[in-house]
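Have a look at run29.txt below; it lists compact mmCIF, C-alpha atoms.
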```txt
# COMPACT_ATOMS: atom_id res chain seq x y z
CA MET A 1 94.87 36.46 69.92
CA ALA A 2 92.14 36.55 72.52
CA ASP A 3 93.70 39.14 74.82
CA VAL A 4 92.92 42.75 73.93
CA TYR A 5 93.93 46.16 75.17
CA HIS A 6 91.16 48.75 74.94
CA LEU A 7 92.18 52.00 73.28
CA HIS A 8 90.59 55.40 73.13
CA GLY A 9 91.14 58.83 71.63
CA ILE A 10 93.19 59.17 68.47
CA GLY A 11 94.01 55.47 68.33
CA ALA A 12 90.43 54.41 67.78
CA LYS A 13 89.76 57.31 65.40
CA ARG A 14 92.82 56.56 63.29
CA GLY A 15 92.21 52.85 63.01
CA MET A 16 94.98 52.01 65.46
CA ALA A 17 92.52 49.35 66.53
CA GLU A 18 89.58 49.22 64.18
CA ASN A 19 87.28 47.41 66.59
CA GLY A 20 88.33 49.46 69.61
CA SER A 21 90.85 46.85 70.76
CA GLY A 22 94.40 45.85 70.11
CA PRO A 23 96.90 43.11 70.82
CA PHE A 24 97.63 43.93 74.48
CA LYS A 25 95.77 43.42 77.70
CA GLN A 26 96.44 46.40 79.99
CA GLY A 27 99.36 45.72 82.30
CA GLU A 28 100.06 42.27 80.82
CA LEU A 29 103.53 42.86 79.39
CA ARG A 30 105.59 44.28 82.23
CA TRP A 31 108.94 43.90 83.89
CA ASN A 32 109.17 45.69 87.23
CA SER A 33 108.08 49.28 86.47
CA LEU A 34 108.34 48.90 82.67
CA GLU A 35 105.35 48.14 80.46
CA VAL A 36 104.99 47.78 76.68
CA ARG A 37 101.74 48.68 74.91
CA LEU A 38 100.34 50.84 72.12
CA ALA A 39 99.97 54.59 72.47
CA ALA A 40 96.43 55.39 73.51
CA ASP A 41 96.04 59.09 72.71
CA ASP A 42 97.61 62.24 71.28
CA SER A 43 99.67 62.99 74.37
CA GLU A 44 101.41 59.61 74.27
CA ILE A 45 102.17 59.94 70.57
CA ASP A 46 103.56 63.42 71.28
CA ALA A 47 105.78 61.91 73.98
CA ALA A 48 107.05 59.31 71.50
CA GLN A 49 107.84 62.07 68.98
CA ALA A 50 109.71 64.00 71.69
CA LEU A 51 111.77 60.91 72.53
CA ARG A 52 112.54 60.37 68.85
CA TYR A 53 113.73 63.97 68.58
CA ARG A 54 116.07 63.62 71.56
CA VAL A 55 117.60 60.41 70.21
CA PHE A 56 117.74 61.16 66.47
CA TYR A 57 118.52 64.87 66.51
CA ASP A 58 120.12 65.71 69.86
CA GLU A 59 122.10 62.50 70.25
CA MET A 60 122.68 61.20 66.71
CA ALA A 61 123.03 64.59 64.98
CA ALA A 62 120.20 64.24 62.48
CA ARG A 63 119.20 67.46 60.70
CA PRO A 64 115.75 68.72 61.71
CA SER A 65 113.44 70.72 59.53
CA PRO A 66 112.68 74.21 60.88
CA GLU A 67 109.25 72.95 61.99
CA ALA A 68 110.73 69.96 63.84
CA ALA A 69 113.39 72.14 65.47
CA ARG A 70 110.80 74.60 66.75
CA ALA A 71 108.58 71.86 68.14
CA ARG A 72 111.46 69.60 69.22
CA ARG A 73 109.49 66.70 67.80
CA ASP A 74 110.38 64.13 65.15
CA MET A 75 107.16 63.98 63.19
CA ASP A 76 105.99 63.37 59.65
CA ALA A 77 102.87 62.74 57.59
CA TYR A 78 102.88 59.01 58.43
CA ASP A 79 102.47 59.40 62.19
CA PRO A 80 98.68 59.91 62.21
CA PHE A 81 98.16 56.59 60.41
CA CYS A 82 100.55 54.42 62.43
CA ASP A 83 100.37 52.40 65.61
CA HIS A 84 102.98 53.60 68.09
CA LEU A 85 104.44 50.90 70.32
CA LEU A 86 105.70 52.33 73.61
CA VAL A 87 107.83 51.22 76.52
CA ILE A 88 106.59 53.11 79.57
CA ASP A 89 108.40 53.40 82.90
CA HIS A 90 105.69 53.84 85.52
CA ALA A 91 108.34 54.84 88.06
CA ARG A 92 108.64 58.14 86.18
CA GLY A 93 105.00 59.03 86.72
CA ALA A 94 102.21 59.39 84.19
CA GLY A 95 103.61 62.29 82.16
CA PRO A 96 105.47 62.33 78.83
CA GLU A 97 108.79 61.59 80.56
CA SER A 98 107.49 58.07 81.27
CA VAL A 99 107.83 57.07 77.58
CA VAL A 100 111.33 55.60 77.30
CA GLY A 101 111.10 53.49 74.14
CA THR A 102 109.08 53.48 70.93
CA TYR A 103 108.56 51.71 67.60
CA ARG A 104 106.34 52.83 64.74
CA LEU A 105 104.15 50.18 63.11
CA ILE A 106 102.05 50.48 59.96
CA ARG A 107 99.99 47.81 58.20
CA ARG A 108 98.88 47.71 54.58
CA HIS A 109 95.44 49.32 54.97
CA ALA A 110 96.90 52.19 57.02
CA ALA A 111 99.69 52.72 54.49
CA GLU A 112 97.10 52.96 51.74
CA ARG A 113 95.42 55.77 53.69
CA ALA A 114 98.79 57.47 54.19
CA GLY A 115 99.64 57.30 50.48
CA GLY A 116 102.13 54.44 50.76
CA PHE A 117 104.81 53.02 53.02
CA TYR A 118 107.68 55.16 54.31
CA THR A 119 110.21 52.65 52.95
CA SER A 120 109.07 53.37 49.39
CA ASP A 121 110.96 56.68 49.55
CA GLU A 122 114.18 54.64 49.48
CA TYR A 123 113.28 51.27 47.93
CA ASP A 124 111.09 49.68 45.28
CA ILE A 125 109.03 47.51 47.64
CA SER A 126 106.33 46.45 45.18
CA ALA A 127 107.10 42.74 45.79
CA LEU A 128 106.65 43.26 49.52
CA VAL A 129 103.47 45.31 49.22
CA ASP A 130 101.93 42.64 46.98
CA TYR A 131 102.90 39.79 49.29
CA PRO A 132 99.85 37.63 50.19
CA GLY A 133 98.63 38.10 53.73
CA GLU A 134 99.10 41.02 56.09
CA VAL A 135 102.34 43.00 55.96
CA LEU A 136 103.87 45.27 58.59
CA GLU A 137 106.36 48.10 58.21
CA LEU A 138 108.61 48.74 61.22
CA GLY A 139 110.35 52.06 61.74
CA ARG A 140 111.39 54.95 63.97
CA SER A 141 112.72 52.65 66.67
CA CYS A 142 114.52 54.32 69.54
CA VAL A 143 115.15 53.94 73.26
CA ASP A 144 116.12 56.56 75.82
CA LYS A 145 119.86 56.49 76.52
CA GLY A 146 119.35 55.41 80.13
CA TYR A 147 117.17 52.44 79.14
CA ARG A 148 119.24 50.61 76.53
CA THR A 149 119.21 47.43 78.52
CA ARG A 150 118.12 43.88 77.87
CA PRO A 151 114.76 44.23 79.70
CA THR A 152 113.76 47.23 77.59
CA MET A 153 114.74 45.59 74.31
CA GLN A 154 113.07 42.32 75.29
CA LEU A 155 109.86 44.21 76.01
CA LEU A 156 109.99 45.93 72.62
CA TRP A 157 110.53 42.62 70.85
CA ARG A 158 107.80 40.99 72.90
CA GLY A 159 105.43 43.82 71.94
CA ILE A 160 106.20 43.34 68.26
CA ALA A 161 105.69 39.58 68.60
CA GLU A 162 102.28 40.07 70.21
CA TYR A 163 101.32 42.52 67.45
CA VAL A 164 102.45 40.06 64.76
CA PHE A 165 100.52 37.19 66.31
CA HIS A 166 97.39 39.27 66.90
CA TYR A 167 97.14 40.62 63.35
CA ASP A 168 98.48 37.46 61.67
CA ILE A 169 101.34 39.36 60.03
CA ALA A 170 102.95 37.35 57.21
CA LEU A 171 105.84 39.70 56.41
CA MET A 172 107.65 42.46 58.29
CA PHE A 173 109.95 44.99 56.64
CA GLY A 174 111.49 48.40 57.06
CA CYS A 175 114.63 50.48 56.79
CA ALA A 176 117.33 49.51 59.28
CA SER A 177 120.11 52.03 59.83
CA LEU A 178 123.86 51.96 60.31
CA HIS A 179 125.28 55.16 61.76
CA GLY A 180 127.20 57.36 59.33
CA THR A 181 126.90 58.55 55.74
CA GLU A 182 130.14 57.16 54.26
CA PRO A 183 129.40 53.69 52.86
CA SER A 184 133.13 53.00 52.45
CA ALA A 185 133.50 53.22 56.24
CA LEU A 186 130.75 50.58 56.51
CA ALA A 187 132.18 48.28 53.85
CA MET A 188 132.58 45.26 56.13
CA PRO A 189 129.01 45.08 57.54
CA LEU A 190 127.40 46.09 54.23
CA SER A 191 129.36 43.48 52.30
CA TYR A 192 128.57 40.82 54.89
CA LEU A 193 124.84 41.55 54.60
CA TYR A 194 125.02 41.44 50.81
CA TYR A 195 126.89 38.14 50.58
CA HIS A 196 125.22 36.28 53.46
CA HIS A 197 121.71 37.71 53.89
CA LEU A 198 120.49 38.94 50.49
CA ALA A 199 116.76 38.33 50.05
CA PRO A 200 115.58 35.77 47.50
CA PRO A 201 114.74 37.36 44.13
CA ALA A 202 110.96 37.17 44.62
CA LEU A 203 111.22 39.30 47.78
CA ARG A 204 114.23 41.45 46.93
CA ALA A 205 113.46 45.13 47.37
CA ARG A 206 115.88 47.32 45.45
CA ALA A 207 117.10 50.78 46.33
CA VAL A 208 115.66 53.41 44.01
CA SER A 209 118.09 54.07 41.20
CA HIS A 210 119.06 57.64 42.09
CA ARG A 211 119.94 56.62 45.67
CA TYR A 212 121.36 53.14 45.05
CA VAL A 213 124.68 52.29 46.76
CA ASP A 214 126.30 48.96 45.93
CA MET A 215 126.60 46.90 49.14
CA GLY A 216 129.26 44.49 47.79
CA LEU A 217 132.06 46.92 48.56
CA LEU A 218 134.59 44.23 49.47
CA PRO A 219 135.41 40.98 47.66
CA ARG A 220 133.59 38.10 49.30
CA ASP A 221 136.81 36.45 50.51
CA GLU A 222 137.77 39.61 52.40
CA VAL A 223 134.61 39.65 54.52
CA VAL A 224 135.16 38.52 58.12
CA PRO A 225 131.74 37.56 59.50
CA ARG A 226 132.73 37.90 63.16
CA GLN A 227 134.01 41.43 62.60
CA ALA A 228 131.03 42.36 60.45
CA LEU A 229 128.54 41.16 63.05
CA SER A 230 130.30 43.14 65.77
CA ASP A 231 129.86 46.27 63.63
CA LEU A 232 126.12 45.78 63.14
CA PRO A 233 123.67 47.63 65.41
CA PRO A 234 121.87 45.37 67.93
CA LEU A 235 118.51 45.96 66.27
CA LEU A 236 119.77 44.81 62.87
CA LYS A 237 121.35 41.73 64.45
CA GLY A 238 117.98 41.02 66.05
CA TYR A 239 116.33 40.94 62.63
CA LEU A 240 118.97 38.52 61.37
CA ARG A 241 118.38 36.21 64.33
CA LEU A 242 114.73 36.08 63.24
CA GLY A 243 115.80 34.86 59.80
CA GLY A 244 115.82 38.30 58.19
CA PHE A 245 117.05 39.27 54.73
CA VAL A 246 118.23 42.52 53.18
CA GLY A 247 117.27 44.13 49.91
CA ASP A 248 119.64 45.03 47.08
CA GLY A 249 121.49 48.28 47.64
CA ALA A 250 122.01 50.64 50.54
CA VAL A 251 120.70 54.22 50.76
CA VAL A 252 122.45 57.16 52.40
CA ASP A 253 120.06 59.24 54.48
CA TYR A 254 121.82 62.56 55.06
CA GLN A 255 118.98 63.98 57.14
CA PHE A 256 119.28 61.22 59.74
CA ASN A 257 123.05 60.77 59.41
CA THR A 258 122.66 57.08 58.53
CA THR A 259 123.18 54.50 55.81
CA ASP A 260 120.04 52.38 55.45
CA VAL A 261 119.34 48.85 54.30
CA CYS A 262 115.93 47.34 53.65
CA MET A 263 115.28 44.51 56.11
CA LEU A 264 112.51 41.95 55.73
CA VAL A 265 111.41 39.00 57.84
CA LYS A 266 108.94 36.32 56.79
CA THR A 267 107.17 35.45 60.00
CA ASP A 268 106.83 31.80 58.99
CA LEU A 269 110.63 31.64 59.29
CA VAL A 270 110.39 32.42 63.00
CA THR A 271 111.09 28.99 64.45
CA GLU A 272 109.07 27.06 67.00
CA LYS A 273 111.92 27.71 69.40
CA TYR A 274 111.21 31.43 69.17
CA TYR A 275 107.49 30.97 69.66
CA ARG A 276 108.13 28.87 72.76
CA HIS A 277 110.65 31.44 73.96
CA TYR A 278 108.14 34.30 73.65
CA GLU A 279 105.42 32.31 75.39
CA ARG A 280 107.77 31.51 78.26
CA ARG A 281 108.95 35.11 78.52
CA SER A 282 105.37 36.40 78.71
CA ARG A 283 104.85 34.28 81.83
CA GLU A 284 108.13 35.38 83.38
CA LEU A 285 108.12 39.12 82.66
CA GLY A 286 106.18 39.88 85.80
CA SER A 287 108.74 38.34 88.16
CA SER A 288 112.21 38.13 86.64
CA GLU A 289 114.54 39.81 84.19
CA PRO A 290 114.02 38.63 80.61
CA GLY A 291 116.83 36.48 79.29
```
What would you get if you wrote out this structure as structure tokens?
Amino acid sequence: MADVYHLHGIGAKRGMAENGSGPFKQGELRWNSLEVRLAADDSEIDAAQALRYRVFYDEMAARPSPEAARARRDMDAYDPFCDHLLVIDHARGAGPESVVGTYRLIRRHAAERAGGFYTSDEYDISALVDYPGEVLELGRSCVDKGYRTRPTMQLLWRGIAEYVFHYDIALMFGCASLHGTEPSALAMPLSYLYYHHLAPPALRARAVSHRYVDMGLLPRDEVVPRQALSDLPPLLKGYLRLGGFVGDGAVVDYQFNTTDVCMLVKTDLVTEKYYRHYERRSRELGSSEPG
């Protein structure tokens, strides 16, 4: 895309934008006081890590390492190689408290520098890594409790769409989480995903053998799609609306108190209706609430 957002500091050094630019023009994607863009420096990445800690550990009862607990930051070895998408509320000033939403994005060349994709800890993703064209791993998505509204989520999705268009992403994937570590309590949504949204064999990531949990926990005729969909987190439902698939097998993540599935979306399955929708929303974000 022609529009660029100029970055500085750690972003340019890390390869967040190899040519010193990225997918966003400064101030372009806004709704009232909210703006979505990439983190520009260390302090903004630190603010995103602080937000992740509050949501994952304070709110959702994940188990921090001693280092994370001391720093009150959710951080790992992948962070220095990733792009960090932020939702910023300018009404909260220019400090770290202004970061109210975040998503972590990593493309193939950055994952190679990091030693691989985060998802590979849970899934055999060789078919996804070898997919022709650019691939994008999505992860560490969270929004401040007071901002879980349609405008915030629309801005996050719009930011991802701009990133996908700018870098010509062919395939997006990542671990999507359901809260809780008892798969039997999640039998309805897991079974629904398995029977109705399993990826085609050529793109079917599979949970690593020592962590594999069968997702077909209920017989197919006992799955009630309406109930299953109501049990799915909004983010996971968003992937499905984009034509997303799931890999084979769930993985229990005891550290984060979740049960994960591997989600993938081929961007050529995003319909013309969605492209038109995003283009319309980009014109409207400055003056009205996103639909």
Work out where the centre of an axis-aligned box around every listed atom of segment 93-100 of chain A lies and how long its edges are once 3 Å is added on each side; give both in Å to one decimal as JSON.
```
{"center_x": 106.8, "center_y": 59.0, "center_z": 82.0, "size_x": 15.1, "size_y": 12.7, "size_z": 15.4}
```
Quiz prompt | Pick from A:Arg104, A:Val87, A:Arg63, A:Asp231, whichever lies nearest to Ala185 of chain A using all atoms listed in the file | solution =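 Looking at the shortest contact to Ala185 of chain A, the residue is A:Asp231.
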Exercise. Could you please determine the separation between atom CA of Tyr123 of chain A and atom CA of Arg72 of chain A in Å, to one decimal place?
Key: 28.2 Å
Quiz prompt | Selected residue of minimal separation from Thr181 of chain A among A:Ala207, A:Ala250, A:Ala71, A:Ala39, counting all atoms listed in the file | solution =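 Smallest distance to Thr181 of chain A is found for A:Ala250.
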Exercise. Could you tell me how far atom CA of Leu171 of chain A lies from atom CA of Leu29 of chain A, in Å and to one decimal?
Key: 23.3 Å
Sel. within 12 Å of pt (118.6, 30.2, 56.3), counting all atoms listed in the file, output as a short mmCIF file (atom, residue, chain, number, x, y, z; two decimals) with C-alpha atoms, keeping the file's coordinate frame:
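As a result, selection_19.cif now contains:
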```
data_model
loop_
_atom_site.label_atom_id
_atom_site.label_comp_id
_atom_site.auth_asym_id
_atom_site.auth_seq_id
_atom_site.Cartn_x
_atom_site.Cartn_y
_atom_site.Cartn_z
CA HIS A 196 125.22 36.28 53.46
CA HIS A 197 121.71 37.71 53.89
CA LEU A 198 120.49 38.94 50.49
CA ALA A 199 116.76 38.33 50.05
CA PRO A 200 115.58 35.77 47.50
CA LEU A 240 118.97 38.52 61.37
CA ARG A 241 118.38 36.21 64.33
CA LEU A 242 114.73 36.08 63.24
CA GLY A 243 115.80 34.86 59.80
CA GLY A 244 115.82 38.30 58.19
CA PHE A 245 117.05 39.27 54.73
CA VAL A 265 111.41 39.00 57.84
CA LYS A 266 108.94 36.32 56.79
CA LEU A 269 110.63 31.64 59.29
CA VAL A 270 110.39 32.42 63.00
CA THR A 271 111.09 28.99 64.45
#
```
Quiz item: Hey, can you check how far atom CA of Asp74 of chain A sits from atom CA of Gln255 of chain A?
Solution: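 Between atom CA of Asp74 of chain A and atom CA of Gln255 of chain A the gap is 11.8 Å.
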Self-check item: A:Val100, A:Ala50, A:Ala170, A:Ala202 ranked by distance to Ala127 of chain A, top pick (using only C-alpha atoms)
Solution: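 Distance minimum relative to Ala127 of chain A lands on A:Ala202.
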Residues within 10 Å of Asp124 of chain A, please, as a JSON list (two decimals) with C-alpha atoms, in the frame of the given file. Count all atoms listed in the file; anything in the same chain fewer than 2 positions from it doesn't count.
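Result file follows (selection-v4.json):
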```json
[["chain", "number", "residue", "atom", "x", "y", "z"],
["A", 119, "THR", "CA", 110.21, 52.65, 52.95],
["A", 120, "SER", "CA", 109.07, 53.37, 49.39],
["A", 121, "ASP", "CA", 110.96, 56.68, 49.55],
["A", 122, "GLU", "CA", 114.18, 54.64, 49.48],
["A", 126, "SER", "CA", 106.33, 46.45, 45.18],
["A", 127, "ALA", "CA", 107.10, 42.74, 45.79],
["A", 128, "LEU", "CA", 106.65, 43.26, 49.52],
["A", 129, "VAL", "CA", 103.47, 45.31, 49.22],
["A", 204, "ARG", "CA", 114.23, 41.45, 46.93],
["A", 205, "ALA", "CA", 113.46, 45.13, 47.37],
["A", 206, "ARG", "CA", 115.88, 47.32, 45.45],
["A", 207, "ALA", "CA", 117.10, 50.78, 46.33],
["A", 208, "VAL", "CA", 115.66, 53.41, 44.01],
["A", 209, "SER", "CA", 118.09, 54.07, 41.20],
["A", 247, "GLY", "CA", 117.27, 44.13, 49.91],
["A", 248, "ASP", "CA", 119.64, 45.03, 47.08],
["A", 262, "CYS", "CA", 115.93, 47.34, 53.65]]
```
Exercise. Find, counting all atoms listed in the file, the residue in A:Pro23, A:Pro234, A:Val251, A:Arg226 that gets nearest to Arg150 of chain A.
Key: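 Closest candidate: A:Pro234.
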Quiz item: Counting all atoms listed in the file, what is within 7 Å of segment 136-139 of chain A, bar same-chain residues fewer than 5 positions away, as a list in words?
Solution: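 The neighbour list is Tyr103, Arg104, Leu105, Ile106, Arg107, Arg108, Ile169, Leu171, Met172, Phe173, Gly174 and Cys175 of chain A.
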Residues near Pro64 of chain A, cut-off 12 Å, all atoms listed in the file, skip fewer than 2 positions along chain, as an mmCIF file with C-alpha atoms, in the frame of the given file:
```
data_model
loop_
_atom_site.group_PDB
_atom_site.id
_atom_site.type_symbol
_atom_site.label_atom_id
_atom_site.label_comp_id
_atom_site.auth_asym_id
_atom_site.auth_seq_id
_atom_site.Cartn_x
_atom_site.Cartn_y
_atom_site.Cartn_z
ATOM 1 C CA ARG A 52 112.540 60.370 68.850
ATOM 2 C CA TYR A 53 113.730 63.970 68.580
ATOM 3 C CA ARG A 54 116.070 63.620 71.560
ATOM 4 C CA PHE A 56 117.740 61.160 66.470
ATOM 5 C CA TYR A 57 118.520 64.870 66.510
ATOM 6 C CA ASP A 58 120.120 65.710 69.860
ATOM 7 C CA MET A 60 122.680 61.200 66.710
ATOM 8 C CA ALA A 61 123.030 64.590 64.980
ATOM 9 C CA ALA A 62 120.200 64.240 62.480
ATOM 10 C CA PRO A 66 112.680 74.210 60.880
ATOM 11 C CA GLU A 67 109.250 72.950 61.990
ATOM 12 C CA ALA A 68 110.730 69.960 63.840
ATOM 13 C CA ALA A 69 113.390 72.140 65.470
ATOM 14 C CA ARG A 70 110.800 74.600 66.750
ATOM 15 C CA ALA A 71 108.580 71.860 68.140
ATOM 16 C CA ARG A 72 111.460 69.600 69.220
ATOM 17 C CA ARG A 73 109.490 66.700 67.800
ATOM 18 C CA ASP A 74 110.380 64.130 65.150
ATOM 19 C CA MET A 75 107.160 63.980 63.190
ATOM 20 C CA ASP A 76 105.990 63.370 59.650
ATOM 21 C CA TYR A 254 121.820 62.560 55.060
ATOM 22 C CA GLN A 255 118.980 63.980 57.140
ATOM 23 C CA PHE A 256 119.280 61.220 59.740
ATOM 24 C CA ASN A 257 123.050 60.770 59.410
#
```
Quiz item: Given the choices A:Arg140, A:His210, A:Arg148, A:His90, which gets closest to Gln49 of chain A if the distance is worked out from all atoms listed in the file?
Solution: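 Using all atoms listed in the file, the shortest distance to Gln49 of chain A belongs to A:Arg140.
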Could you add the missing atoms to segment 87-110 of chain A, up to N, CA and C atoms, and return them as an mmCIF file, in the frame of the given file?
```cif
data_model
loop_
_atom_site.group_PDB
_atom_site.id
_atom_site.type_symbol
_atom_site.label_atom_id
_atom_site.label_comp_id
_atom_site.auth_asym_id
_atom_site.auth_seq_id
_atom_site.Cartn_x
_atom_site.Cartn_y
_atom_site.Cartn_z
ATOM 1 N N VAL A 87 107.396 51.743 75.227
ATOM 2 C CA VAL A 87 107.830 51.220 76.520
ATOM 3 C C VAL A 87 107.668 52.358 77.516
ATOM 4 N N ILE A 88 106.920 52.094 78.574
ATOM 5 C CA ILE A 88 106.590 53.110 79.570
ATOM 6 C C ILE A 88 107.193 52.703 80.908
ATOM 7 N N ASP A 89 107.885 53.637 81.553
ATOM 8 C CA ASP A 89 108.400 53.400 82.900
ATOM 9 C C ASP A 89 107.465 54.083 83.897
ATOM 10 N N HIS A 90 106.665 53.293 84.583
ATOM 11 C CA HIS A 90 105.690 53.840 85.520
ATOM 12 C C HIS A 90 106.354 54.505 86.719
ATOM 13 N N ALA A 91 107.627 54.194 86.960
ATOM 14 C CA ALA A 91 108.340 54.840 88.060
ATOM 15 C C ALA A 91 108.589 56.318 87.790
ATOM 16 N N ARG A 92 108.435 56.737 86.538
ATOM 17 C CA ARG A 92 108.640 58.140 86.180
ATOM 18 C C ARG A 92 107.328 58.915 86.126
ATOM 19 N N GLY A 93 106.283 58.339 86.687
ATOM 20 C CA GLY A 93 105.000 59.030 86.720
ATOM 21 C C GLY A 93 104.170 58.748 85.493
ATOM 22 N N ALA A 94 103.148 59.593 85.296
ATOM 23 C CA ALA A 94 102.210 59.390 84.190
ATOM 24 C C ALA A 94 102.386 60.405 83.076
ATOM 25 N N GLY A 95 103.404 61.261 83.158
ATOM 26 C CA GLY A 95 103.610 62.290 82.160
ATOM 27 C C GLY A 95 104.414 61.800 80.971
ATOM 28 N N PRO A 96 104.745 62.721 80.046
ATOM 29 C CA PRO A 96 105.470 62.330 78.830
ATOM 30 C C PRO A 96 106.851 61.744 79.101
ATOM 31 N N GLU A 97 107.456 62.112 80.236
ATOM 32 C CA GLU A 97 108.790 61.590 80.560
ATOM 33 C C GLU A 97 108.759 60.085 80.833
ATOM 34 N N SER A 98 107.573 59.503 80.992
ATOM 35 C CA SER A 98 107.490 58.070 81.270
ATOM 36 C C SER A 98 107.713 57.225 80.021
ATOM 37 N N VAL A 99 107.613 57.803 78.823
ATOM 38 C CA VAL A 99 107.830 57.070 77.580
ATOM 39 C C VAL A 99 109.324 56.993 77.310
ATOM 40 N N VAL A 100 109.884 55.769 77.397
ATOM 41 C CA VAL A 100 111.330 55.600 77.300
ATOM 42 C C VAL A 100 111.751 54.753 76.091
ATOM 43 N N GLY A 101 110.792 54.250 75.341
ATOM 44 C CA GLY A 101 111.100 53.490 74.140
ATOM 45 C C GLY A 101 109.920 53.540 73.196
ATOM 46 N N THR A 102 110.185 53.433 71.894
ATOM 47 C CA THR A 102 109.080 53.480 70.930
ATOM 48 C C THR A 102 109.453 52.781 69.632
ATOM 49 N N TYR A 103 108.438 52.339 68.926
ATOM 50 C CA TYR A 103 108.560 51.710 67.600
ATOM 51 C C TYR A 103 107.324 52.111 66.827
ATOM 52 N N ARG A 104 107.479 52.434 65.555
ATOM 53 C CA ARG A 104 106.340 52.830 64.740
ATOM 54 C C ARG A 104 105.947 51.674 63.829
ATOM 55 N N LEU A 105 104.657 51.333 63.826
ATOM 56 C CA LEU A 105 104.150 50.180 63.110
ATOM 57 C C LEU A 105 103.037 50.610 62.154
ATOM 58 N N ILE A 106 103.100 50.140 60.910
ATOM 59 C CA ILE A 106 102.050 50.480 59.960
ATOM 60 C C ILE A 106 101.750 49.277 59.078
ATOM 61 N N ARG A 107 100.452 48.923 59.018
ATOM 62 C CA ARG A 107 99.990 47.810 58.200
ATOM 63 C C ARG A 107 99.486 48.308 56.845
ATOM 64 N N ARG A 108 99.176 47.367 55.969
ATOM 65 C CA ARG A 108 98.880 47.710 54.580
ATOM 66 C C ARG A 108 97.717 48.696 54.446
ATOM 67 N N HIS A 109 96.605 48.452 55.156
ATOM 68 C CA HIS A 109 95.440 49.320 54.970
ATOM 69 C C HIS A 109 95.739 50.738 55.456
ATOM 70 N N ALA A 110 96.543 50.858 56.516
ATOM 71 C CA ALA A 110 96.900 52.190 57.020
ATOM 72 C C ALA A 110 97.852 52.892 56.065
#
```
